Amino acid sequence: MKKNKLFIAIAALSISFSSCQKLLDLDPESRLTQDDIQEVVKRNPDKILEPLVTALVSQVNDYTNINSVDSKNYSVNNLLLSLKGNDMVLAASASWLKADYEMRAYREEASPRVQIYWGTFYRYIYLANQILNVIPEINEDDLSSANKSILRYKATALAIRSFAYTNLMWLYQDDYLMGGQNKLGVPITDASAAAKPRATAQEVWDLVLNDSETAVNLFKKINGFYTASRTDIDGSVASSFLVRAALTTGNWDKAINAANDVIAVYPELFNEVEYTTSGMTLLSKETIFGYEYTSTNGKGTSSFPGWMNPKSEGGYGGSQGHWMAIDQRLYDQIAASDYRKKNFLSENTGFKYPTSGAEVTFEKYYSLKFAAPKISAAIPEYNHNEIFIRVSEIILAKAEAQLRANKDSDAQNTLFTLVSKRDPNYVKSNQTGANLFDEIKLHRRIELWGEGGHEFFDNKRWNIGVNRTSSANHTEKLVVPAGKDFTLQIPLDTELNFNDYIQEQNP
Amino acid sequence: MKNHTMKGIISLLMGILLIVGFNQNVLAQSERLLKGSITDSKTGAPIGGVSIFDELTKRSSSSSDNGTFEILVQANSVLVFKHLSYQTQNLATNNKADLQVSLTEIGENLEEVVVVAFGSSKKKDLTGSVSSIGSDNLEKSQISTVSRAFEGAVPGVQFSTNSGQPGSDATLRIRGMGSLNASNNPLIVLDGSPYDQGLNTINPADIENIVVSKDAAANALYGSRAANGLILITTKKGKLGKSNINFDTRIGMNSKGQSDFDKVTDPATFYEYTWQGIYNYSKYFPGRDAKFNAMSDDELRQYAADNLFKANGNALTARNGLGNYMLYDIPTGSTLIDPATGKIRTDAKLLYHDNWEDYFFKNPVRQDYNLSLNGATDKNDYFVSLGYLSDPSYVMGSNFDRFNGRVNLNTQVNDWLKAGASFFYSRSNSDIPNYSGGTVNTNLFTWLNYFSPINSLFGHDEQGNIRYDAFGDPIFDLGTGETYSPYGSTARLAFNGYSPGIYFQKDFNNSKNDIVSGRAFLEASFLKDFKFKVDFAVDNAYSLRTTYANNESGAGARDFQGTIENAWAKSTQLNTTQILSYSKDFGLHHVDALLGHEFRWSRTDNQAGMKYMMLAYDKPDFNNAVGIRSLSGDSFASTLEGYLSRVNYNYNSKYYASASFRADGSSNFRQNQWGKFWSVGGAYRISQEQFLNSVSWINDLKIRSSYGVQGNNAVGANNWTDIWSLANAGNLISPAASITQTGWGNLALTWETNETFDVGVDFNLFNRLSGTVDFFNRNTKNLLFSKPLPESTGRKSRMENSGGLNNKGIEIDLNYVILRNADLRWSVGANASKYRTKLVSMPQGVGSKDLDGNFVQGNYLRGPGKDYFNLYLYRYAGVDQATGLGTTFKTLKDGDDLTKYPGSKVGDMVKTTGVDGTRYELGTTSPDLIGGFNTSLNYKNFDFSLFASYQLGGKIVSLSYQGLTGNSIGRGISTDLLNAWTFENTSSNIPMRMLGGTNLGSMPLGGAAGQYSDFALFNASYLNLKSITMGYTFKKEQIAKLKLEKLRFYVSAENLFFISAKKGVDPRSAFDDGSGVSAFGFPQARVVSFAVNLTL
């Protein structure tokens, strides 16, 4: 009997022994938790803020809401927009990009295309807000080196936020000066997960202008308006964002002043050799902001250079055979003496891919603008640097702002500073008014062809639709009148489904 | 490698035979005549035709019609009584002069002991809903993993597999989908402890029995983890009697077990098809270029012939999707297609046509060897087994083989203490190429289907001969000009720079898994009615995955000069339970109860690295690469603790009641760690009532019901907290930290609860018809819901406990013995289940006003009260008879341009050829009925059995079919497209063939979820002949001379026949979510084997 009692005791004991609440409290080992982050922020905010800012800037290079070969990142997403205009021809493609070029299923609320931009830019905004949230309160007049770096983080976050909202407004509402001003904008969100209603267009643009101006001022304050690096966000980048926003909202003087600030620190343009042989990959001279390829951040065959360099072996727009050309009508308007014309083929040209030996023919008008030589023998052509902002754009924006502020002669001078570098025979324009505006538009289309989705956004600003009927080389002779077809609807599946506060969709 | 394995097994077998041979010394003893009679255990009727065999003397006899028998025996003879319709019985003669034998009929064994949670129960005493698969069933199928034994075998269990990869586990789901964002996998319990290492690590030959436990009362003791059902696996034990050695070998052939879609495979037809498409486009397409209008029919025919390789919609491009692949030789200056007829020129000579399937498919030999040794005395039992399986796939690059070893020992240490231990080792080796679907260049089935019959495998020269390189090796076509064409450089439509020929021969994704697993227990009996059992289990898994991309062809070669990745992982699970139990009978009252504690700890550590730049060819080792591309590691741990209790009561095996309670704590949560789970159940065995005693045809009749609450915590370890991830934004030489938040925690997160009600009837009538009918209602509350957030918040989702889900269903299982006598036994069985999954409620903020508060998720419209698999697609509306274009339905709404639809008003349904169709609710993808049926026939020494599974109703979207019915030039196509609409063939449902442009019928918006129409939506019914086995067992007297106990030859076939609503569609590739299946999956294999089973 004693033995049995012992057993019961052991049994009862062993049932209760292992109960130890602590064993159930396991913290993640391979990830940082909120506690870890707070601890570091408390001791040394730089250690968290710097990586957060790094992450934010790198998202501009590699984040996309829908990761497919035709929507790889910000610059490839812009390519989809460039194809919805007059100046770029999808010269050869069996399937990829055809729907974009034919402008099918790109703006309806259920189309995945509308989700790409929405999700991508709101991702930037979220990350920027998160940084602004983490930044400790400091005395902004005390310019100690610790404070300076905190101000730099703040300015960077504000700059990217203004850039993201600018793009959202360009896409999801009519142009500000073409009736968009009095319509609804996009939701203004914060770092919490709370859904927000659509703000008015005016409210969003006010925020954009305020953010970019604040960023510019902060950069100036910390002596960071210009840094030699072309891959970080500095005051000149923020100022470029300000130029874009001011130009869109008709703040002509603001645009001119901001442009002047930028132009002052980027005095040198690409020369002919650089312009026509580097494939727009030089992170020097006129490049204000761009991306630099490294072995750990390569974006592969469907990167922007992969799509846009027809000589790229393996690239979608290279040996995979999806090739772009300039519209014959625009090509014909480029002066023969303008070296920008050399970026497009004047006749059919044979080409042999070195590794496979495949021989192809690039036809007249095909673009070699982005045909950059390899960085090194071991790095394929599709892994390359990219340029997001060049000072040429800022000069053209300044000329346009001057013209629209009725400063025609200033505009002529500004235009001359750019075009005379591209075309030695260029004579300063003596046009004024609408004619001068047409000339500025023409040079903007030539200069920025294929870059940054500019044509799409410019067409909205200038109220130009798509009409390809008179083109000799457009393969899809589309006519889409300016107006609502260039304003995307807000995505249904990723936004309206889960946001009760948005009650009004774009038509 | 394989040869070594074979030799090893054979020598081992020889050794065992030798040892056993020495032990077979039979001592001569004096003999006497034993008489006896045999009766039915239930009716008392005499049984004739029973074969009687003396294990010792090998003499045999049989019973006469009045049940009597005679046989010469020795003093220690053991007699085996065998009859097809009765359970075999072994009896020692023990000097008895007159032996009374009573046999129990097969199919009526209510005394059979069934394993349940933390114990076992007699079948008649079960109050929960359980089904089982016995070893006899498992032995009949040739499966590399027991997960595949469930297909159609158990009512309420759904089976899905999206890959024909040998050795890959099928996914199982019990009683519908109970959770949206936590796991839906049942809990696997192996010999008493949960087992996380995958069913494919267990040797099916080691399994004695699998019990599927479905309802709350049955699962309550695993409360927190058994919300998705419980699968209890018991391995074999030594059987009382003399020691046995059993050797089972199966040698068979693997082949492709399913048909593809009917595709155009002949190049001539494909070129003609393309010509017609170009001609039709320029002649009829509404958006055609103006230049075509000015051309005569002859000119258009000529245009299509001249530009067969250039036309691309309105444009002429450098080359179109045909990629300049020209397989014919034609006279200079002529065109391949005769413009007058639209047919290939009669004088065109075919130069080459590579047969890809011949190259990639083969019929490899499957080998399966199992050797086991078992025996038991009244105090000890043992079971030792070894197994080897080699199961290469019918398709290049895919393989599975596995070694297994197991030792199971149990011993009665003394009168109060029992102990047992099992040890198990498994090593599996798999080559798992990425064939499971999707239009990706690593999926061979994409190559075989998506590309047209004119794409070549090898590079061909001007004469059509295969080109060879300087080393005499064939040159593969990479789609980058390797093949000659008179029209310019050849280029494949996609995946240029790759050749599957090199790719799938050299590259691999190999996985080696070592599992070491042990189970041990001590059980003490004391105070007469009490027992205390301590159980301890350790499972350890080590895995090494090596992924190699060669340095000759493909992305790895082009970008990195070859890459190799090694990923190591180690995972350990410790599980311990302490159970105090009590069992007592008070007259007719029986009470048993238990009280216990369980603790589980598991941890995984892994590390992966990739190196690149390889010098040598075909030397896939880490040391043969120089550059480091990545290096990463991770570790996860989790713990679970539970306190459990159960009380069972029954009166005279007639009235039953049971109740259980369990409290569980989980490290997956932080503020609300503990959940409480419980169940009550009862049963009433009506057949025990006096008034039914006289009704002889009711052998058993039981009504049972249970209700209980279970939990689910399988939501991942980190969802309770915010998680930040570090990344390197610089490069390997100068790293730069980048940090992003990757998880948004919810401290309040807690258990998802399942409330399950079950009512069922078990019956056995006429001792021939037995079965079970169950109804269940399962409500999931506090759903672990990954609440989607609007993307303007910058996040995707956040895990919450909100919303509810309901599953309701009915299950039937029937078995009927058609014929039963001494020579012949024939029985059939069938089961069927029907269930529906409904969303009851969802988190605040989900749903949009335009959709009446519902929300769209992929191809589904979801909302409270709706079937969870409520399809929401565009509806294909057939061919527009005026233009030949495909149309979709559209419901006119405010803002639509009504002038385009004369006579229609807002709200009317019209047909549109544009991208402005409307999505409609098109019913559920859930099947109406799932199940299986089987029959088994034994005639004398022959046996035959057949198992089949089926599904009726439901819908499935086939992305493969969608891919095969597009209108790009140069894609592989379904033969359905050959019967497209024309002005003559106006009844066709396939849009007019107009290639290179846009035809919006089947894909109004695009190819992704939510963008296509029901054009590729099919009925999800199917019938699969899972397995057929035919065998012959030699009579004991025939093999006695060979000193064999048993010898059986059999042939067995797996997946012999499969039919679905559309050839090429396999609805088993997904559960209800028939829209989530990637295109071009890996079809299942067929196995036909010859086998020998012998016992010494």
# chains A, B, ... in the order shown; residues from 1 in each chain; ligands from 1

call {"tool": "interface_residues", "arguments": {"of": "chain A", "to": "chain B", "cutoff": "6 Å", "atoms": "only C-alpha atoms", "output": "mmCIF file with N, CA and C atoms, in the first residue's frame"}}
result
data_model
loop_
_atom_site.group_PDB
_atom_site.id
_atom_site.type_symbol
_atom_site.label_atom_id
_atom_site.label_comp_id
_atom_site.auth_asym_id
_atom_site.auth_seq_id
_atom_site.Cartn_x
_atom_site.Cartn_y
_atom_site.Cartn_z
ATOM 1 N N ASN A 4 1.852 2.124 -3.394
ATOM 2 C CA ASN A 4 0.808 2.770 -4.194
ATOM 3 C C ASN A 4 0.665 4.246 -3.870
ATOM 4 N N ILE A 15 2.634 15.608 -12.883
ATOM 5 C CA ILE A 15 1.668 16.293 -13.726
ATOM 6 C C ILE A 15 1.801 17.799 -13.558
ATOM 7 N N LEU A 24 6.317 29.530 -22.117
ATOM 8 C CA LEU A 24 5.405 29.920 -23.193
ATOM 9 C C LEU A 24 5.714 31.311 -23.743
ATOM 10 N N ASP A 25 6.622 32.013 -23.101
ATOM 11 C CA ASP A 25 6.970 33.354 -23.591
ATOM 12 C C ASP A 25 8.234 33.279 -24.434
ATOM 13 N N SER A 30 15.167 35.487 -34.688
ATOM 14 C CA SER A 30 15.800 35.863 -35.954
ATOM 15 C C SER A 30 15.272 37.172 -36.516
ATOM 16 N N ARG A 31 14.447 37.840 -35.764
ATOM 17 C CA ARG A 31 13.891 39.101 -36.239
ATOM 18 C C ARG A 31 14.000 40.125 -35.113
ATOM 19 N N LEU A 32 13.972 41.379 -35.481
ATOM 20 C CA LEU A 32 13.958 42.415 -34.461
ATOM 21 C C LEU A 32 12.509 42.699 -34.082
ATOM 22 N N THR A 33 12.298 42.869 -32.793
ATOM 23 C CA THR A 33 10.943 43.171 -32.344
ATOM 24 C C THR A 33 10.837 44.663 -32.057
ATOM 25 N N GLN A 34 9.617 45.079 -31.781
ATOM 26 C CA GLN A 34 9.381 46.468 -31.424
ATOM 27 C C GLN A 34 10.267 46.872 -30.242
ATOM 28 N N PRO A 51 19.202 53.038 -41.425
ATOM 29 C CA PRO A 51 18.708 51.888 -42.211
ATOM 30 C C PRO A 51 17.277 52.074 -42.725
ATOM 31 N N LEU A 52 16.461 52.802 -41.958
ATOM 32 C CA LEU A 52 15.088 53.034 -42.433
ATOM 33 C C LEU A 52 15.100 53.900 -43.686
ATOM 34 N N THR A 54 17.656 54.242 -45.706
ATOM 35 C CA THR A 54 18.238 53.407 -46.761
ATOM 36 C C THR A 54 17.171 52.540 -47.397
ATOM 37 N N ALA A 55 16.329 51.940 -46.544
ATOM 38 C CA ALA A 55 15.272 51.065 -47.056
ATOM 39 C C ALA A 55 14.296 51.852 -47.924
ATOM 40 N N ALA A 92 8.036 45.542 -81.655
ATOM 41 C CA ALA A 92 7.992 44.095 -81.787
ATOM 42 C C ALA A 92 7.679 43.485 -80.439
ATOM 43 N N ALA A 94 5.442 39.745 -79.059
ATOM 44 C CA ALA A 94 4.437 38.715 -79.299
ATOM 45 C C ALA A 94 3.331 38.791 -78.255
ATOM 46 N N ALA A 105 -7.523 47.634 -70.702
ATOM 47 C CA ALA A 105 -7.532 47.175 -69.303
ATOM 48 C C ALA A 105 -6.399 47.776 -68.486
ATOM 49 N N GLY A 119 -0.456 50.915 -54.967
ATOM 50 C CA GLY A 119 0.234 50.188 -53.903
ATOM 51 C C GLY A 119 1.694 50.598 -53.769
ATOM 52 N N TYR A 122 1.877 54.300 -52.311
ATOM 53 C CA TYR A 122 1.459 54.323 -50.908
ATOM 54 C C TYR A 122 2.441 53.587 -50.010
ATOM 55 N N ARG A 123 3.156 52.647 -50.578
ATOM 56 C CA ARG A 123 4.207 51.976 -49.812
ATOM 57 C C ARG A 123 5.308 52.992 -49.457
ATOM 58 N N TYR A 126 3.946 55.207 -46.737
ATOM 59 C CA TYR A 126 3.920 54.544 -45.432
ATOM 60 C C TYR A 126 5.306 54.541 -44.789
ATOM 61 N N ALA A 193 -2.471 52.015 -39.198
ATOM 62 C CA ALA A 193 -3.108 51.201 -40.233
ATOM 63 C C ALA A 193 -4.497 51.726 -40.559
ATOM 64 N N THR A 296 24.396 42.934 -55.371
ATOM 65 C CA THR A 296 23.303 42.436 -54.536
ATOM 66 C C THR A 296 21.938 43.031 -54.893
ATOM 67 N N SER A 356 25.028 34.227 -78.046
ATOM 68 C CA SER A 356 24.254 33.218 -78.774
ATOM 69 C C SER A 356 24.572 33.236 -80.258
ATOM 70 N N ALA A 358 22.957 34.928 -82.316
ATOM 71 C CA ALA A 358 21.714 35.169 -83.048
ATOM 72 C C ALA A 358 21.803 36.500 -83.787
ATOM 73 N N GLU A 359 21.371 36.465 -85.045
ATOM 74 C CA GLU A 359 21.417 37.685 -85.847
ATOM 75 C C GLU A 359 20.013 38.216 -86.027
ATOM 76 N N THR A 475 2.201 50.483 -84.732
ATOM 77 C CA THR A 475 1.580 49.231 -85.158
ATOM 78 C C THR A 475 0.123 49.175 -84.734
ATOM 79 N N THR A 494 -7.838 46.074 -53.944
ATOM 80 C CA THR A 494 -6.867 46.331 -52.885
ATOM 81 C C THR A 494 -7.191 47.575 -52.068
ATOM 82 N N GLU A 495 -8.179 48.363 -52.497
ATOM 83 C CA GLU A 495 -8.490 49.560 -51.725
ATOM 84 C C GLU A 495 -9.976 49.642 -51.377
ATOM 85 N N ASN A 497 -12.407 47.646 -51.558
ATOM 86 C CA ASN A 497 -12.921 46.500 -50.807
ATOM 87 C C ASN A 497 -12.742 46.661 -49.314
ATOM 88 N N PHE A 498 -11.712 47.352 -48.917
ATOM 89 C CA PHE A 498 -11.352 47.374 -47.500
ATOM 90 C C PHE A 498 -11.351 48.781 -46.904
ATOM 91 N N ASN A 499 -11.847 49.731 -47.661
ATOM 92 C CA ASN A 499 -11.847 51.095 -47.154
ATOM 93 C C ASN A 499 -13.246 51.680 -47.276
#

call {"tool": "select_by_dssp", "arguments": {"residues": "stretch 677-749 of chain B", "states": "alpha helix (DSSP H)", "output": "PyMOL selection string"}}
result
chain B and resi 690-693

call {"tool": "write_last_selection", "arguments": {"atoms": "N, CA and C atoms", "output": "short mmCIF file (atom, residue, chain, number, x, y, z; two decimals), in the first residue's frame"}}
result
data_model
loop_
_atom_site.label_atom_id
_atom_site.label_comp_id
_atom_site.auth_asym_id
_atom_site.auth_seq_id
_atom_site.Cartn_x
_atom_site.Cartn_y
_atom_site.Cartn_z
N GLN B 690 -33.54 -5.05 -24.89
CA GLN B 690 -34.21 -6.35 -24.85
C GLN B 690 -35.14 -6.54 -26.04
N PHE B 691 -35.91 -5.47 -26.31
CA PHE B 691 -36.94 -5.63 -27.34
C PHE B 691 -36.34 -5.86 -28.73
N LEU B 692 -35.05 -5.62 -28.89
CA LEU B 692 -34.44 -5.87 -30.20
C LEU B 692 -33.69 -7.19 -30.23
N ASN B 693 -33.59 -7.82 -29.07
CA ASN B 693 -32.87 -9.09 -29.02
C ASN B 693 -33.45 -10.11 -29.97
#

call {"tool": "residues_around", "arguments": {"residues": "stretch 918-921 of chain B", "least_positions_apart": "6", "cutoff": "7 Å", "atoms": "only C-alpha atoms", "output": "number ranges by chain"}}
result
B: 870-875, 889-891

call {"tool": "residues_around", "arguments": {"residues": "B:Leu84", "least_positions_apart": "2", "cutoff": "7 Å", "atoms": "only C-alpha atoms", "output": "ChimeraX atom specification"}}
result
/B:82,86,821-825

call {"tool": "write_last_selection", "arguments": {"atoms": "all heavy atoms", "output": "compact mmCIF listing (two decimals), in the first residue's frame"}}
result
# COMPACT_ATOMS: atom_id res chain seq x y z
N LYS B 82 -9.02 -21.38 -40.44
CA LYS B 82 -9.15 -20.34 -41.46
C LYS B 82 -10.41 -20.54 -42.27
O LYS B 82 -10.73 -21.65 -42.69
CB LYS B 82 -7.95 -20.40 -42.41
CG LYS B 82 -7.04 -19.20 -42.23
CD LYS B 82 -5.94 -19.24 -43.23
CE LYS B 82 -5.69 -17.82 -43.73
NZ LYS B 82 -4.48 -17.76 -44.52
N TYR B 86 -14.61 -15.76 -41.88
CA TYR B 86 -14.42 -15.64 -40.44
C TYR B 86 -13.00 -15.19 -40.14
O TYR B 86 -12.09 -15.36 -40.96
CB TYR B 86 -14.71 -16.98 -39.74
CG TYR B 86 -16.17 -17.32 -39.76
CD1 TYR B 86 -16.74 -17.97 -40.84
CD2 TYR B 86 -16.99 -16.95 -38.68
CE1 TYR B 86 -18.08 -18.26 -40.88
CE2 TYR B 86 -18.35 -17.23 -38.72
CZ TYR B 86 -18.90 -17.89 -39.80
OH TYR B 86 -20.24 -18.15 -39.84
N ASN B 821 -19.01 -17.51 -48.45
CA ASN B 821 -18.97 -18.92 -48.08
C ASN B 821 -17.52 -19.36 -47.98
O ASN B 821 -16.61 -18.53 -48.04
CB ASN B 821 -19.79 -19.77 -49.07
CG ASN B 821 -19.28 -19.64 -50.48
OD1 ASN B 821 -18.06 -19.71 -50.70
ND2 ASN B 821 -20.18 -19.42 -51.43
N ALA B 822 -17.33 -20.62 -47.85
CA ALA B 822 -15.97 -21.10 -47.56
C ALA B 822 -14.99 -20.80 -48.67
O ALA B 822 -13.82 -20.53 -48.44
CB ALA B 822 -16.00 -22.59 -47.29
N ASP B 823 -15.49 -20.77 -49.92
CA ASP B 823 -14.58 -20.57 -51.04
C ASP B 823 -14.58 -19.15 -51.57
O ASP B 823 -13.68 -18.74 -52.28
CB ASP B 823 -14.97 -21.50 -52.21
CG ASP B 823 -14.60 -22.92 -51.89
OD1 ASP B 823 -13.69 -23.11 -51.05
OD2 ASP B 823 -15.24 -23.83 -52.46
N LEU B 824 -15.65 -18.45 -51.29
CA LEU B 824 -15.84 -17.17 -51.96
C LEU B 824 -16.31 -16.12 -50.99
O LEU B 824 -17.21 -16.36 -50.18
CB LEU B 824 -16.90 -17.37 -53.07
CG LEU B 824 -17.23 -16.17 -53.92
CD1 LEU B 824 -16.03 -15.79 -54.79
CD2 LEU B 824 -18.43 -16.47 -54.80
N ARG B 825 -15.67 -15.00 -51.07
CA ARG B 825 -16.16 -13.87 -50.29
C ARG B 825 -16.05 -12.64 -51.18
O ARG B 825 -15.01 -12.33 -51.76
CB ARG B 825 -15.32 -13.68 -49.04
CG ARG B 825 -15.81 -12.55 -48.17
CD ARG B 825 -14.87 -12.29 -47.00
NE ARG B 825 -15.11 -10.96 -46.50
CZ ARG B 825 -16.09 -10.66 -45.65
NH1 ARG B 825 -16.87 -11.60 -45.18
NH2 ARG B 825 -16.26 -9.42 -45.26

call {"tool": "select_by_dssp", "arguments": {"residues": "stretch 194-436 of chain A", "states": "strand (DSSP E)", "output": "list in words"}}
result
Arg198, Ala199, Thr200, Thr287, Ile288, Phe289, Gly290, Tyr291, Trp323, Met324, Ala325, Ile326, Thr349, Gly350, Phe351, Lys352, Glu359, Val360, Thr361, Phe362, Glu386, Ile387, Phe388, Ile389 and Arg390 of chain A

call {"tool": "residues_around", "arguments": {"residues": "A:Lys311", "least_positions_apart": "2", "cutoff": "9 Å", "atoms": "only C-alpha atoms", "output": "NGL selection string"}}
result
:A and (308-309 or 313 or 315 or 317-319 or 351-353 or 368 or 371-373 or 381)

call {"tool": "write_last_selection", "arguments": {"atoms": "N, CA, C and O atoms", "output": "PDB file, in the first residue's frame"}}
result
ATOM      1  N   MET A 308      14.616  48.077 -72.152  1.00  0.00           N
ATOM      2  CA  MET A 308      14.820  49.194 -73.072  1.00  0.00           C
ATOM      3  C   MET A 308      16.109  49.108 -73.890  1.00  0.00           C
ATOM      4  O   MET A 308      16.304  49.895 -74.799  1.00  0.00           O
ATOM      5  N   ASN A 309      16.972  48.170 -73.542  1.00  0.00           N
ATOM      6  CA  ASN A 309      18.207  48.042 -74.309  1.00  0.00           C
ATOM      7  C   ASN A 309      18.079  46.869 -75.279  1.00  0.00           C
ATOM      8  O   ASN A 309      18.189  45.713 -74.879  1.00  0.00           O
ATOM      9  N   GLU A 313      21.556  41.042 -74.014  1.00  0.00           N
ATOM     10  CA  GLU A 313      21.409  39.611 -74.229  1.00  0.00           C
ATOM     11  C   GLU A 313      20.671  39.020 -73.037  1.00  0.00           C
ATOM     12  O   GLU A 313      21.115  39.122 -71.905  1.00  0.00           O
ATOM     13  N   GLY A 315      17.743  40.082 -71.998  1.00  0.00           N
ATOM     14  CA  GLY A 315      16.738  41.041 -71.548  1.00  0.00           C
ATOM     15  C   GLY A 315      15.435  40.895 -72.323  1.00  0.00           C
ATOM     16  O   GLY A 315      15.424  40.487 -73.477  1.00  0.00           O
ATOM     17  N   GLY A 317      13.560  43.239 -73.373  1.00  0.00           N
ATOM     18  CA  GLY A 317      13.583  44.160 -74.506  1.00  0.00           C
ATOM     19  C   GLY A 317      14.856  44.000 -75.321  1.00  0.00           C
ATOM     20  O   GLY A 317      15.163  44.814 -76.179  1.00  0.00           O
ATOM     21  N   GLY A 318      15.614  42.963 -75.019  1.00  0.00           N
ATOM     22  CA  GLY A 318      16.847  42.691 -75.749  1.00  0.00           C
ATOM     23  C   GLY A 318      16.660  41.459 -76.615  1.00  0.00           C
ATOM     24  O   GLY A 318      15.793  41.432 -77.489  1.00  0.00           O
ATOM     25  N   SER A 319      17.438  40.421 -76.321  1.00  0.00           N
ATOM     26  CA  SER A 319      17.370  39.246 -77.192  1.00  0.00           C
ATOM     27  C   SER A 319      16.014  38.548 -77.101  1.00  0.00           C
ATOM     28  O   SER A 319      15.698  37.731 -77.939  1.00  0.00           O
ATOM     29  N   PHE A 351      22.153  43.215 -86.304  1.00  0.00           N
ATOM     30  CA  PHE A 351      22.850  43.116 -85.026  1.00  0.00           C
ATOM     31  C   PHE A 351      23.007  41.645 -84.666  1.00  0.00           C
ATOM     32  O   PHE A 351      22.121  40.828 -84.912  1.00  0.00           O
ATOM     33  N   LYS A 352      24.168  41.321 -84.113  1.00  0.00           N
ATOM     34  CA  LYS A 352      24.423  39.941 -83.705  1.00  0.00           C
ATOM     35  C   LYS A 352      24.679  39.912 -82.210  1.00  0.00           C
ATOM     36  O   LYS A 352      25.555  40.609 -81.702  1.00  0.00           O
ATOM     37  N   TYR A 353      23.869  39.128 -81.481  1.00  0.00           N
ATOM     38  CA  TYR A 353      24.105  38.983 -80.044  1.00  0.00           C
ATOM     39  C   TYR A 353      25.376  38.170 -79.848  1.00  0.00           C
ATOM     40  O   TYR A 353      25.484  37.063 -80.395  1.00  0.00           O
ATOM     41  N   LEU A 368      17.913  53.231 -79.545  1.00  0.00           N
ATOM     42  CA  LEU A 368      19.142  52.773 -78.898  1.00  0.00           C
ATOM     43  C   LEU A 368      19.494  53.714 -77.744  1.00  0.00           C
ATOM     44  O   LEU A 368      20.610  53.717 -77.240  1.00  0.00           O
ATOM     45  N   ALA A 371      20.670  51.855 -74.853  1.00  0.00           N
ATOM     46  CA  ALA A 371      21.595  50.744 -75.141  1.00  0.00           C
ATOM     47  C   ALA A 371      22.964  51.036 -74.539  1.00  0.00           C
ATOM     48  O   ALA A 371      23.857  51.543 -75.204  1.00  0.00           O
ATOM     49  N   ALA A 372      23.083  50.689 -73.273  1.00  0.00           N
ATOM     50  CA  ALA A 372      24.349  50.960 -72.588  1.00  0.00           C
ATOM     51  C   ALA A 372      25.299  49.787 -72.746  1.00  0.00           C
ATOM     52  O   ALA A 372      24.859  48.648 -72.765  1.00  0.00           O
ATOM     53  N   PRO A 373      26.596  50.074 -72.852  1.00  0.00           N
ATOM     54  CA  PRO A 373      27.550  48.967 -72.851  1.00  0.00           C
ATOM     55  C   PRO A 373      27.588  48.315 -71.469  1.00  0.00           C
ATOM     56  O   PRO A 373      27.170  48.921 -70.482  1.00  0.00           O
ATOM     57  N   GLU A 381      24.105  43.070 -69.786  1.00  0.00           N
ATOM     58  CA  GLU A 381      23.660  44.443 -70.100  1.00  0.00           C
ATOM     59  C   GLU A 381      22.428  44.866 -69.296  1.00  0.00           C
ATOM     60  O   GLU A 381      22.239  46.039 -69.010  1.00  0.00           O
TER      61      GLU A 381
END

call {"tool": "residues_around", "arguments": {"residues": "stretch 58-68 of chain A", "least_positions_apart": "3", "cutoff": "8 Å", "atoms": "only C-alpha atoms", "output": "ChimeraX atom specification"}}
result
/A:54-55,71-75,115-120,124,291,299 /B:729

call {"tool": "residues_around", "arguments": {"residues": "stretch 154-156 of chain B", "least_positions_apart": "4", "cutoff": "9 Å", "atoms": "only C-alpha atoms", "output": "MDAnalysis selection string"}}
result
chainID B and resid 131:133 150 173:176 212 214 809:813 831:835 930:932
